[in-house]
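> Sharing query.cif (mmCIF, C-alpha atoms) below.
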```cif
data_work
loop_
_atom_site.label_atom_id
_atom_site.label_comp_id
_atom_site.auth_asym_id
_atom_site.auth_seq_id
_atom_site.Cartn_x
_atom_site.Cartn_y
_atom_site.Cartn_z
CA MET A 18 -12.03 -2.07 -43.04
CA VAL A 19 -15.25 -2.29 -41.08
CA ALA A 20 -18.78 -1.08 -41.58
CA ALA A 21 -22.19 -2.70 -41.44
CA GLY A 22 -24.53 -3.54 -44.33
CA ALA A 23 -28.19 -2.58 -44.27
CA THR A 24 -29.78 -6.04 -44.06
CA ALA A 25 -31.85 -6.18 -40.86
CA ALA A 26 -35.42 -4.90 -40.87
CA LEU A 27 -36.14 -1.95 -38.60
CA ALA A 28 -39.48 -3.48 -37.75
CA ALA A 29 -37.71 -6.26 -35.84
CA ALA A 30 -36.75 -3.90 -33.02
CA ARG A 31 -39.20 -3.12 -30.21
CA GLN A 32 -40.22 0.39 -29.17
CA ILE A 33 -37.92 1.76 -26.45
CA SER A 34 -39.38 4.13 -23.84
CA ARG A 35 -37.48 6.92 -22.11
CA ALA A 36 -37.66 4.94 -18.86
CA ASP A 37 -35.91 1.94 -20.44
CA ALA A 38 -33.53 3.80 -22.76
CA LYS A 39 -30.48 4.11 -20.47
CA ALA A 40 -30.55 0.43 -19.48
CA VAL A 41 -30.90 -0.63 -23.12
CA ALA A 42 -28.00 1.58 -24.22
CA THR A 43 -25.80 0.27 -21.42
CA ALA A 44 -26.58 -3.33 -22.38
CA VAL A 45 -25.37 -2.76 -25.93
CA ASN A 46 -22.00 -1.14 -25.16
CA LEU A 47 -18.58 -2.76 -24.96
CA ARG A 48 -17.44 -4.30 -21.69
CA HIS A 49 -14.08 -5.44 -20.34
CA SER A 50 -14.75 -9.07 -21.28
CA ASP A 51 -14.66 -7.99 -24.93
CA LEU A 52 -11.07 -6.76 -24.49
CA PRO A 53 -9.74 -8.66 -21.46
CA THR A 54 -6.06 -7.84 -22.12
CA PHE A 55 -6.75 -4.09 -22.31
CA LYS A 56 -6.56 -1.71 -19.38
CA VAL A 57 -9.75 0.03 -18.29
CA ALA A 58 -9.93 3.82 -18.01
CA GLY A 59 -12.76 6.19 -17.19
CA ASN A 60 -14.66 7.80 -20.05
CA PRO A 61 -17.10 10.36 -18.63
CA ILE A 62 -19.08 12.63 -20.92
CA THR A 63 -17.96 16.10 -19.84
CA SER A 64 -19.93 19.32 -20.28
CA GLN A 65 -17.41 20.41 -22.91
CA GLN A 66 -17.91 17.17 -24.83
CA ARG A 67 -21.67 17.68 -24.72
CA GLN A 68 -21.25 21.16 -26.16
CA GLU A 69 -18.91 19.90 -28.89
CA ASP A 70 -21.31 17.03 -29.63
CA ALA A 71 -24.19 19.45 -30.04
CA GLN A 72 -22.13 21.62 -32.39
CA LEU A 73 -21.08 18.61 -34.49
CA SER A 74 -24.64 17.28 -34.66
CA ALA A 75 -25.88 20.69 -35.81
CA CYS A 76 -23.17 20.88 -38.47
CA ILE A 77 -24.03 17.43 -39.82
CA GLY A 78 -27.78 17.95 -39.49
CA GLU A 79 -28.46 15.13 -37.02
CA THR A 80 -31.12 14.93 -34.31
CA PRO A 81 -30.21 17.42 -31.53
CA PRO A 82 -28.67 15.72 -28.47
CA SER A 83 -31.41 17.22 -26.28
CA GLU A 84 -33.96 14.99 -28.03
CA ARG A 85 -32.14 11.70 -27.35
CA LEU A 86 -33.76 9.34 -24.87
CA ALA A 87 -30.32 8.15 -23.71
CA ASP A 88 -26.64 8.57 -24.55
CA VAL A 89 -24.28 6.11 -22.83
CA GLN A 90 -20.54 5.66 -23.38
CA SER A 91 -18.55 2.59 -22.44
CA GLN A 92 -15.32 2.87 -20.53
CA ASP A 93 -12.11 3.43 -22.52
CA PHE A 94 -10.08 0.28 -23.14
CA VAL A 95 -6.38 0.95 -23.68
CA GLY A 96 -4.45 -1.65 -25.65
CA PRO A 97 -1.34 -3.54 -24.55
CA SER A 98 0.50 -3.10 -27.85
CA PRO A 99 3.63 -0.92 -28.24
CA ASP A 100 1.49 1.62 -30.08
CA THR A 101 -1.30 3.51 -28.35
CA VAL A 102 -4.73 1.99 -29.03
CA THR A 103 -7.86 3.21 -27.26
CA ILE A 104 -11.24 1.61 -27.90
CA SER A 105 -14.70 2.58 -26.68
CA SER A 106 -18.32 2.51 -27.78
CA GLU A 107 -21.30 4.81 -27.49
CA THR A 108 -24.99 3.95 -27.77
CA GLN A 109 -27.64 6.58 -28.33
CA ILE A 110 -31.36 5.84 -28.14
CA GLN A 111 -33.30 8.21 -30.36
CA PRO A 112 -36.97 9.16 -29.88
CA SER A 113 -38.07 7.29 -33.01
CA VAL A 114 -36.97 5.15 -35.91
CA ALA A 115 -37.70 8.13 -38.15
CA ALA A 116 -35.06 10.16 -36.27
CA VAL A 117 -32.52 7.38 -36.83
CA THR A 118 -33.34 7.25 -40.54
CA SER A 119 -32.89 11.02 -40.78
CA ASP A 120 -29.53 10.82 -38.97
CA LEU A 121 -28.30 8.13 -41.35
CA ALA A 122 -29.19 10.30 -44.33
CA ALA A 123 -27.39 13.27 -42.75
CA ILE A 124 -24.15 11.44 -41.98
CA HIS A 125 -23.97 10.17 -45.57
CA ARG A 126 -24.00 13.69 -47.01
CA PRO A 127 -20.59 14.99 -48.20
CA VAL A 128 -20.71 17.86 -45.70
CA ALA A 129 -20.52 15.36 -42.82
CA LEU A 130 -16.87 14.60 -43.56
CA SER A 131 -16.05 18.30 -43.54
CA CYS A 132 -17.83 18.68 -40.19
CA LEU A 133 -15.77 15.84 -38.70
CA GLU A 134 -12.53 17.31 -40.01
CA LYS A 135 -13.36 20.75 -38.58
CA ALA A 136 -14.29 19.24 -35.21
CA LEU A 137 -10.94 17.46 -34.91
CA VAL A 138 -8.98 20.53 -36.02
CA LYS A 139 -10.75 22.53 -33.32
CA ALA A 140 -9.97 19.88 -30.69
CA LEU A 141 -6.31 19.69 -31.71
CA ALA A 142 -5.93 23.45 -31.37
CA THR A 143 -5.70 22.95 -27.61
CA SER A 144 -4.47 19.34 -27.35
CA ALA A 145 -1.83 18.85 -30.08
CA PRO A 146 1.83 18.49 -28.98
CA LYS A 147 3.53 21.84 -28.43
CA GLY A 148 5.46 23.03 -31.48
CA SER A 149 3.77 20.55 -33.80
CA SER A 150 1.87 21.06 -37.03
CA TYR A 151 -0.73 18.70 -38.42
CA THR A 152 -3.08 17.92 -41.26
CA VAL A 153 -6.49 16.29 -40.91
CA SER A 154 -8.52 14.31 -43.45
CA ALA A 155 -11.65 12.15 -43.29
CA ALA A 156 -12.73 9.27 -45.54
CA ARG A 157 -15.46 6.68 -45.49
CA LEU A 158 -14.75 3.01 -44.79
CA PRO A 159 -16.25 0.24 -46.94
CA ALA A 160 -19.06 -2.03 -45.68
CA THR A 161 -18.52 -5.67 -44.80
CA LEU A 162 -20.91 -6.61 -41.95
CA PRO A 163 -24.62 -7.50 -42.12
CA GLY A 164 -27.17 -7.26 -39.35
CA THR A 165 -28.11 -3.56 -39.11
CA SER A 166 -30.59 -1.12 -40.58
CA GLY A 167 -27.90 1.29 -41.76
CA VAL A 168 -24.29 2.31 -41.32
CA ALA A 169 -21.93 5.25 -41.29
CA ALA A 170 -18.26 4.33 -40.92
CA VAL A 171 -15.50 6.92 -41.17
CA ARG A 172 -11.75 7.16 -40.61
CA VAL A 173 -10.29 10.52 -39.63
CA THR A 174 -6.51 10.67 -40.04
CA ALA A 175 -4.27 13.27 -38.42
CA ILE A 176 -0.63 13.51 -39.50
CA PHE A 177 1.52 15.28 -36.91
CA HIS A 178 4.89 16.86 -37.66
CA VAL A 179 6.71 17.20 -34.34
CA LYS A 180 10.08 18.94 -33.97
CA SER A 181 12.67 16.96 -32.04
CA GLY A 182 15.89 18.93 -31.87
CA SER A 183 16.99 19.65 -35.42
CA LYS A 184 14.73 16.93 -36.82
CA THR A 185 11.03 16.74 -37.54
CA VAL A 186 9.27 13.48 -36.69
CA THR A 187 6.10 12.50 -38.52
CA VAL A 188 3.49 10.68 -36.41
CA PRO A 189 0.17 9.47 -37.86
CA ALA A 190 -2.93 9.05 -35.71
CA TYR A 191 -6.15 7.36 -36.79
CA ILE A 192 -9.70 7.65 -35.46
CA ASP A 193 -12.16 5.07 -36.77
CA ASP A 194 -15.85 5.56 -36.03
CA VAL A 195 -17.87 2.53 -37.06
CA GLY A 196 -21.49 3.50 -36.56
CA PHE A 197 -24.59 1.44 -37.19
CA ALA A 198 -28.30 1.74 -36.55
CA TYR A 199 -30.84 -0.77 -35.31
CA GLY A 200 -34.33 0.32 -34.38
CA GLN A 201 -34.04 3.46 -32.25
CA ALA A 202 -30.39 2.78 -31.45
CA GLU A 203 -27.38 4.44 -33.01
CA VAL A 204 -24.21 2.60 -31.94
CA SER A 205 -20.63 3.76 -32.52
CA LEU A 206 -17.43 1.75 -32.16
CA ASP A 207 -14.57 4.21 -31.72
CA VAL A 208 -10.95 3.15 -32.21
CA ILE A 209 -8.04 5.57 -31.81
CA SER A 210 -4.60 4.34 -32.87
CA THR A 211 -1.21 6.00 -33.35
CA LEU A 212 1.58 4.96 -35.73
CA GLN A 213 -0.47 2.14 -37.26
CA ALA A 214 -4.00 2.04 -38.67
CA PRO A 215 -6.51 0.18 -36.48
CA SER A 216 -6.85 -3.57 -36.93
CA ALA A 217 -9.70 -4.40 -39.31
CA THR A 218 -9.92 -7.88 -37.77
CA LEU A 219 -10.42 -6.51 -34.26
CA GLU A 220 -12.92 -3.90 -35.44
CA THR A 221 -14.92 -6.59 -37.21
CA LYS A 222 -14.98 -8.78 -34.09
CA LEU A 223 -16.15 -5.93 -31.86
CA ALA A 224 -18.72 -4.67 -34.37
CA VAL A 225 -20.23 -8.18 -34.57
CA ALA A 226 -20.50 -8.27 -30.75
CA LEU A 227 -22.21 -4.87 -30.66
CA ILE A 228 -24.66 -5.82 -33.39
CA ALA A 229 -25.57 -9.02 -31.53
CA ARG A 230 -26.15 -7.06 -28.31
CA ALA A 231 -28.29 -4.50 -30.13
CA HIS A 232 -30.51 -7.30 -31.43
CA SER A 233 -30.75 -8.81 -27.94
CA ALA A 234 -31.40 -5.52 -26.12
CA LEU A 235 -33.89 -4.10 -28.60
CA GLY A 236 -35.60 -7.36 -29.51
#
```
Can the structure from this file be put into structure tokens for me?


Amino acid sequence: MVAAGATAALAAARQISRADAKAVATAVNLRHSDLPTFKVAGNPITSQQRQEDAQLSACIGETPPSERLADVQSQDFVGPSPDTVTISSETQIQPSVAAVTSDLAAIHRPVALSCLEKALVKALATSAPKGSSYTVSAARLPATLPGTSGVAAVRVTAIFHVKSGSKTVTVPAYIDDVGFAYGQAEVSLDVISTLQAPSATLETKLAVALIARAHSALG
């Protein structure tokens, strides 16, 4: 499993202004060259997502989205495997290193996992397959990567029970969020996979690329 160790000094990153924040965040995110065999799909941040994000941040105790200098998502990259795999990244530039440190402390509190579980349950209430039931659980992933000033990596698992005629089919879905901090940046690698858990090897490769870009973009 993938997460990042706290080995890089925060002082190494330069101060990012509001004027530069969007360009810096964009430079860090995933691009098609990282996943050349994947299809590219749009990934706009909708008004509903912004509202849900604000609610989740408030539940966890993170910096309010309104205070971020920038929040940029990559496109969605949809995998060519028989199972559905969708990968994206998101880079947020916070107003200060202190805000990032506070966010890291918040996401490591036990309540954060409960907040993530509740958020997914709420989302599934309108998007789950008709006639299905499901259970949701969240757990932390172990750390294996250096090069950041902190990490919060979580896997949320949803087990669907879908009726098909007289039978009930069980379908697992996994959402991995591998988040790390560097300077004012909070970067998340998001991997959604059905039937099989996400590839730890692929997550490691992509996390390494994002960490390298964060160092380059933030100095």

> Nearest to A:Ser119: which of A:Ala136, A:Ala145, A:Ala198, A:Ala58 is it, counting only C-alpha atoms?

A:Ala198

> Give me, as a ChimeraX atom specification, all polymer residues having an atom no more than 9 Å from stretch 36-42 of chain A, counting only C-alpha atoms and skipping those fewer than 2 positions away in the same chain.

/A:33-34,44-46,86-90,107-111,202,204,231,234-235

> Which residues come within 10 Å of stretch 177-192 of chain A, counting all atoms listed in the file, excluding same-chain residues fewer than 6 positions away, as an NGL selection string?

:A and (101-104 or 137 or 145-155 or 171 or 207-215)

> Name the residues, using the chain letters and numbers of the file, that sit within 12 Å of (-20.2, 10.8, -15.4) when counting all atoms listed in the file, and give them as a list of chain:residue names.

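Those within range, by chain then number, are A:Gly59, A:Asn60, A:Pro61, A:Ile62, A:Thr63, A:Ser64, A:Gln66, A:Arg67, A:Asp88, A:Val89, A:Gln90, A:Ser91, A:Gln92.
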
> Return the single residue from A:Thr174, A:Phe94, A:Ser83, A:Ala71 that is closest to A:His49, with distances computed using all atoms listed in the file.

A:Phe94

> Could you work out how far atom CA of A:Ser166 lies from atom CA of A:Leu227, giving the answer in Å with one decimal?

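So the answer is 13.5 Å.
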
> Please evaluate the PyMOL selection byres ((chain A and resi 223) around 12) against the structure above and give the resulting residues as a PyMOL selection string.

chain A and resi 19-21+45-52+104-106+162+195-196+204-208+216-222+224-230

> Since I can't run it myself right now, could you work out what the PyMOL selection byres ((chain A and resi 201) around 7) selects here and report it as a ChimeraX atom specification?

/A:110-114,117,199-200,202-203

> Could you work out how far atom CA of A:Lys56 lies from atom CA of A:Pro97, giving the answer in Å with one decimal?

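According to the coordinates, atom CA of A:Pro97 and atom CA of A:Lys56 are separated by 7.6 Å.
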
> Might you pull out every residue within 8 Å of stretch 129-131 of chain A, with only C-alpha atoms counted and same-chain residues fewer than 5 positions away left off, and present them as a ChimeraX atom specification?

/A:76-77,123-124,155-156

> Can you tell me how far atom CA of A:Arg126 sits from atom CA of A:His232, in Å to one decimal?

26.9 Å

> Output, as JSON, the centre and edge lengths in Å (one decimal) of the axis-aligned box that contains all listed atoms of stretch 153-166 of chain A with 3 Å of margin on each side.


```
{"center_x": -18.5, "center_y": 4.4, "center_z": -43.0, "size_x": 30.1, "size_y": 29.8, "size_z": 13.8}
```

> Taking all atoms listed in the file into account, name the residue in A:Gly236, A:Gly164, A:Pro159, A:Pro127 that is nearest to A:Gly78.

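Under the stated criterion, the closest residue is A:Pro127.
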
> Any chance you could build stretch 55-90 of chain A out to N, CA and C atoms and write it as a PDB file, keeping the file's coordinate frame?


```
ATOM      1  N   PHE A  55      -6.870  -5.555 -22.291  1.00  0.00           N
ATOM      2  CA  PHE A  55      -6.750  -4.090 -22.310  1.00  0.00           C
ATOM      3  C   PHE A  55      -6.961  -3.538 -20.906  1.00  0.00           C
ATOM      4  N   LYS A  56      -6.348  -2.407 -20.640  1.00  0.00           N
ATOM      5  CA  LYS A  56      -6.560  -1.710 -19.380  1.00  0.00           C
ATOM      6  C   LYS A  56      -7.856  -0.895 -19.476  1.00  0.00           C
ATOM      7  N   VAL A  57      -8.499  -0.708 -18.333  1.00  0.00           N
ATOM      8  CA  VAL A  57      -9.750   0.030 -18.290  1.00  0.00           C
ATOM      9  C   VAL A  57      -9.510   1.433 -17.757  1.00  0.00           C
ATOM     10  N   ALA A  58     -10.055   2.425 -18.442  1.00  0.00           N
ATOM     11  CA  ALA A  58      -9.930   3.820 -18.010  1.00  0.00           C
ATOM     12  C   ALA A  58     -11.309   4.460 -18.033  1.00  0.00           C
ATOM     13  N   GLY A  59     -11.485   5.489 -17.218  1.00  0.00           N
ATOM     14  CA  GLY A  59     -12.760   6.190 -17.190  1.00  0.00           C
ATOM     15  C   GLY A  59     -13.027   6.912 -18.501  1.00  0.00           C
ATOM     16  N   ASN A  60     -14.298   7.127 -18.799  1.00  0.00           N
ATOM     17  CA  ASN A  60     -14.660   7.800 -20.050  1.00  0.00           C
ATOM     18  C   ASN A  60     -15.924   8.629 -19.836  1.00  0.00           C
ATOM     19  N   PRO A  61     -15.897   9.563 -18.903  1.00  0.00           N
ATOM     20  CA  PRO A  61     -17.100  10.360 -18.630  1.00  0.00           C
ATOM     21  C   PRO A  61     -17.404  11.330 -19.753  1.00  0.00           C
ATOM     22  N   ILE A  62     -18.680  11.621 -19.949  1.00  0.00           N
ATOM     23  CA  ILE A  62     -19.080  12.630 -20.920  1.00  0.00           C
ATOM     24  C   ILE A  62     -19.059  13.976 -20.198  1.00  0.00           C
ATOM     25  N   THR A  63     -18.098  14.810 -20.513  1.00  0.00           N
ATOM     26  CA  THR A  63     -17.960  16.100 -19.840  1.00  0.00           C
ATOM     27  C   THR A  63     -18.904  17.131 -20.457  1.00  0.00           C
ATOM     28  N   SER A  64     -19.076  18.252 -19.766  1.00  0.00           N
ATOM     29  CA  SER A  64     -19.930  19.320 -20.280  1.00  0.00           C
ATOM     30  C   SER A  64     -19.364  19.885 -21.584  1.00  0.00           C
ATOM     31  N   GLN A  65     -18.031  19.935 -21.680  1.00  0.00           N
ATOM     32  CA  GLN A  65     -17.410  20.410 -22.910  1.00  0.00           C
ATOM     33  C   GLN A  65     -17.681  19.455 -24.064  1.00  0.00           C
ATOM     34  N   GLN A  66     -17.610  18.159 -23.793  1.00  0.00           N
ATOM     35  CA  GLN A  66     -17.910  17.170 -24.830  1.00  0.00           C
ATOM     36  C   GLN A  66     -19.356  17.282 -25.293  1.00  0.00           C
ATOM     37  N   ARG A  67     -20.257  17.526 -24.352  1.00  0.00           N
ATOM     38  CA  ARG A  67     -21.670  17.680 -24.720  1.00  0.00           C
ATOM     39  C   ARG A  67     -21.863  18.890 -25.635  1.00  0.00           C
ATOM     40  N   GLN A  68     -21.152  19.962 -25.330  1.00  0.00           N
ATOM     41  CA  GLN A  68     -21.250  21.160 -26.160  1.00  0.00           C
ATOM     42  C   GLN A  68     -20.685  20.893 -27.551  1.00  0.00           C
ATOM     43  N   GLU A  69     -19.523  20.224 -27.604  1.00  0.00           N
ATOM     44  CA  GLU A  69     -18.910  19.900 -28.890  1.00  0.00           C
ATOM     45  C   GLU A  69     -19.788  18.931 -29.687  1.00  0.00           C
ATOM     46  N   ASP A  70     -20.415  17.991 -28.984  1.00  0.00           N
ATOM     47  CA  ASP A  70     -21.310  17.030 -29.630  1.00  0.00           C
ATOM     48  C   ASP A  70     -22.492  17.751 -30.261  1.00  0.00           C
ATOM     49  N   ALA A  71     -23.047  18.698 -29.522  1.00  0.00           N
ATOM     50  CA  ALA A  71     -24.190  19.450 -30.040  1.00  0.00           C
ATOM     51  C   ALA A  71     -23.800  20.262 -31.277  1.00  0.00           C
ATOM     52  N   GLN A  72     -22.613  20.849 -31.250  1.00  0.00           N
ATOM     53  CA  GLN A  72     -22.130  21.620 -32.390  1.00  0.00           C
ATOM     54  C   GLN A  72     -21.907  20.727 -33.606  1.00  0.00           C
ATOM     55  N   LEU A  73     -21.325  19.542 -33.383  1.00  0.00           N
ATOM     56  CA  LEU A  73     -21.080  18.610 -34.490  1.00  0.00           C
ATOM     57  C   LEU A  73     -22.392  18.103 -35.059  1.00  0.00           C
ATOM     58  N   SER A  74     -23.338  17.758 -34.195  1.00  0.00           N
ATOM     59  CA  SER A  74     -24.640  17.280 -34.660  1.00  0.00           C
ATOM     60  C   SER A  74     -25.346  18.341 -35.495  1.00  0.00           C
ATOM     61  N   ALA A  75     -25.248  19.600 -35.062  1.00  0.00           N
ATOM     62  CA  ALA A  75     -25.880  20.690 -35.810  1.00  0.00           C
ATOM     63  C   ALA A  75     -25.217  20.873 -37.170  1.00  0.00           C
ATOM     64  N   CYS A  76     -23.891  20.737 -37.207  1.00  0.00           N
ATOM     65  CA  CYS A  76     -23.170  20.880 -38.470  1.00  0.00           C
ATOM     66  C   CYS A  76     -23.565  19.788 -39.460  1.00  0.00           C
ATOM     67  N   ILE A  77     -23.680  18.561 -38.950  1.00  0.00           N
ATOM     68  CA  ILE A  77     -24.030  17.430 -39.820  1.00  0.00           C
ATOM     69  C   ILE A  77     -25.504  17.448 -40.187  1.00  0.00           C
ATOM     70  N   GLY A  78     -26.343  17.942 -39.260  1.00  0.00           N
ATOM     71  CA  GLY A  78     -27.780  17.950 -39.490  1.00  0.00           C
ATOM     72  C   GLY A  78     -28.487  16.781 -38.826  1.00  0.00           C
ATOM     73  N   GLU A  79     -27.884  16.257 -37.741  1.00  0.00           N
ATOM     74  CA  GLU A  79     -28.460  15.130 -37.020  1.00  0.00           C
ATOM     75  C   GLU A  79     -29.484  15.606 -35.987  1.00  0.00           C
ATOM     76  N   THR A  80     -30.177  14.639 -35.381  1.00  0.00           N
ATOM     77  CA  THR A  80     -31.120  14.930 -34.310  1.00  0.00           C
ATOM     78  C   THR A  80     -30.385  15.624 -33.163  1.00  0.00           C
ATOM     79  N   PRO A  81     -30.897  16.727 -32.630  1.00  0.00           N
ATOM     80  CA  PRO A  81     -30.210  17.420 -31.530  1.00  0.00           C
ATOM     81  C   PRO A  81     -30.042  16.498 -30.321  1.00  0.00           C
ATOM     82  N   PRO A  82     -28.897  16.561 -29.648  1.00  0.00           N
ATOM     83  CA  PRO A  82     -28.670  15.720 -28.470  1.00  0.00           C
ATOM     84  C   PRO A  82     -29.758  15.837 -27.411  1.00  0.00           C
ATOM     85  N   SER A  83     -30.376  17.008 -27.292  1.00  0.00           N
ATOM     86  CA  SER A  83     -31.410  17.220 -26.280  1.00  0.00           C
ATOM     87  C   SER A  83     -32.641  16.342 -26.501  1.00  0.00           C
ATOM     88  N   GLU A  84     -32.801  15.816 -27.721  1.00  0.00           N
ATOM     89  CA  GLU A  84     -33.960  14.990 -28.030  1.00  0.00           C
ATOM     90  C   GLU A  84     -33.699  13.497 -27.822  1.00  0.00           C
ATOM     91  N   ARG A  85     -32.452  13.111 -27.562  1.00  0.00           N
ATOM     92  CA  ARG A  85     -32.140  11.700 -27.350  1.00  0.00           C
ATOM     93  C   ARG A  85     -32.784  11.193 -26.062  1.00  0.00           C
ATOM     94  N   LEU A  86     -33.217   9.950 -26.086  1.00  0.00           N
ATOM     95  CA  LEU A  86     -33.760   9.340 -24.870  1.00  0.00           C
ATOM     96  C   LEU A  86     -32.635   8.896 -23.945  1.00  0.00           C
ATOM     97  N   ALA A  87     -31.482   8.553 -24.512  1.00  0.00           N
ATOM     98  CA  ALA A  87     -30.320   8.150 -23.710  1.00  0.00           C
ATOM     99  C   ALA A  87     -29.070   8.267 -24.563  1.00  0.00           C
ATOM    100  N   ASP A  88     -27.948   8.507 -23.892  1.00  0.00           N
ATOM    101  CA  ASP A  88     -26.640   8.570 -24.550  1.00  0.00           C
ATOM    102  C   ASP A  88     -25.631   8.021 -23.548  1.00  0.00           C
ATOM    103  N   VAL A  89     -25.153   6.789 -23.789  1.00  0.00           N
ATOM    104  CA  VAL A  89     -24.280   6.110 -22.830  1.00  0.00           C
ATOM    105  C   VAL A  89     -22.974   5.703 -23.506  1.00  0.00           C
ATOM    106  N   GLN A  90     -21.858   6.069 -22.894  1.00  0.00           N
ATOM    107  CA  GLN A  90     -20.540   5.660 -23.380  1.00  0.00           C
ATOM    108  C   GLN A  90     -20.024   4.500 -22.541  1.00  0.00           C
TER     109      GLN A  90
END
```
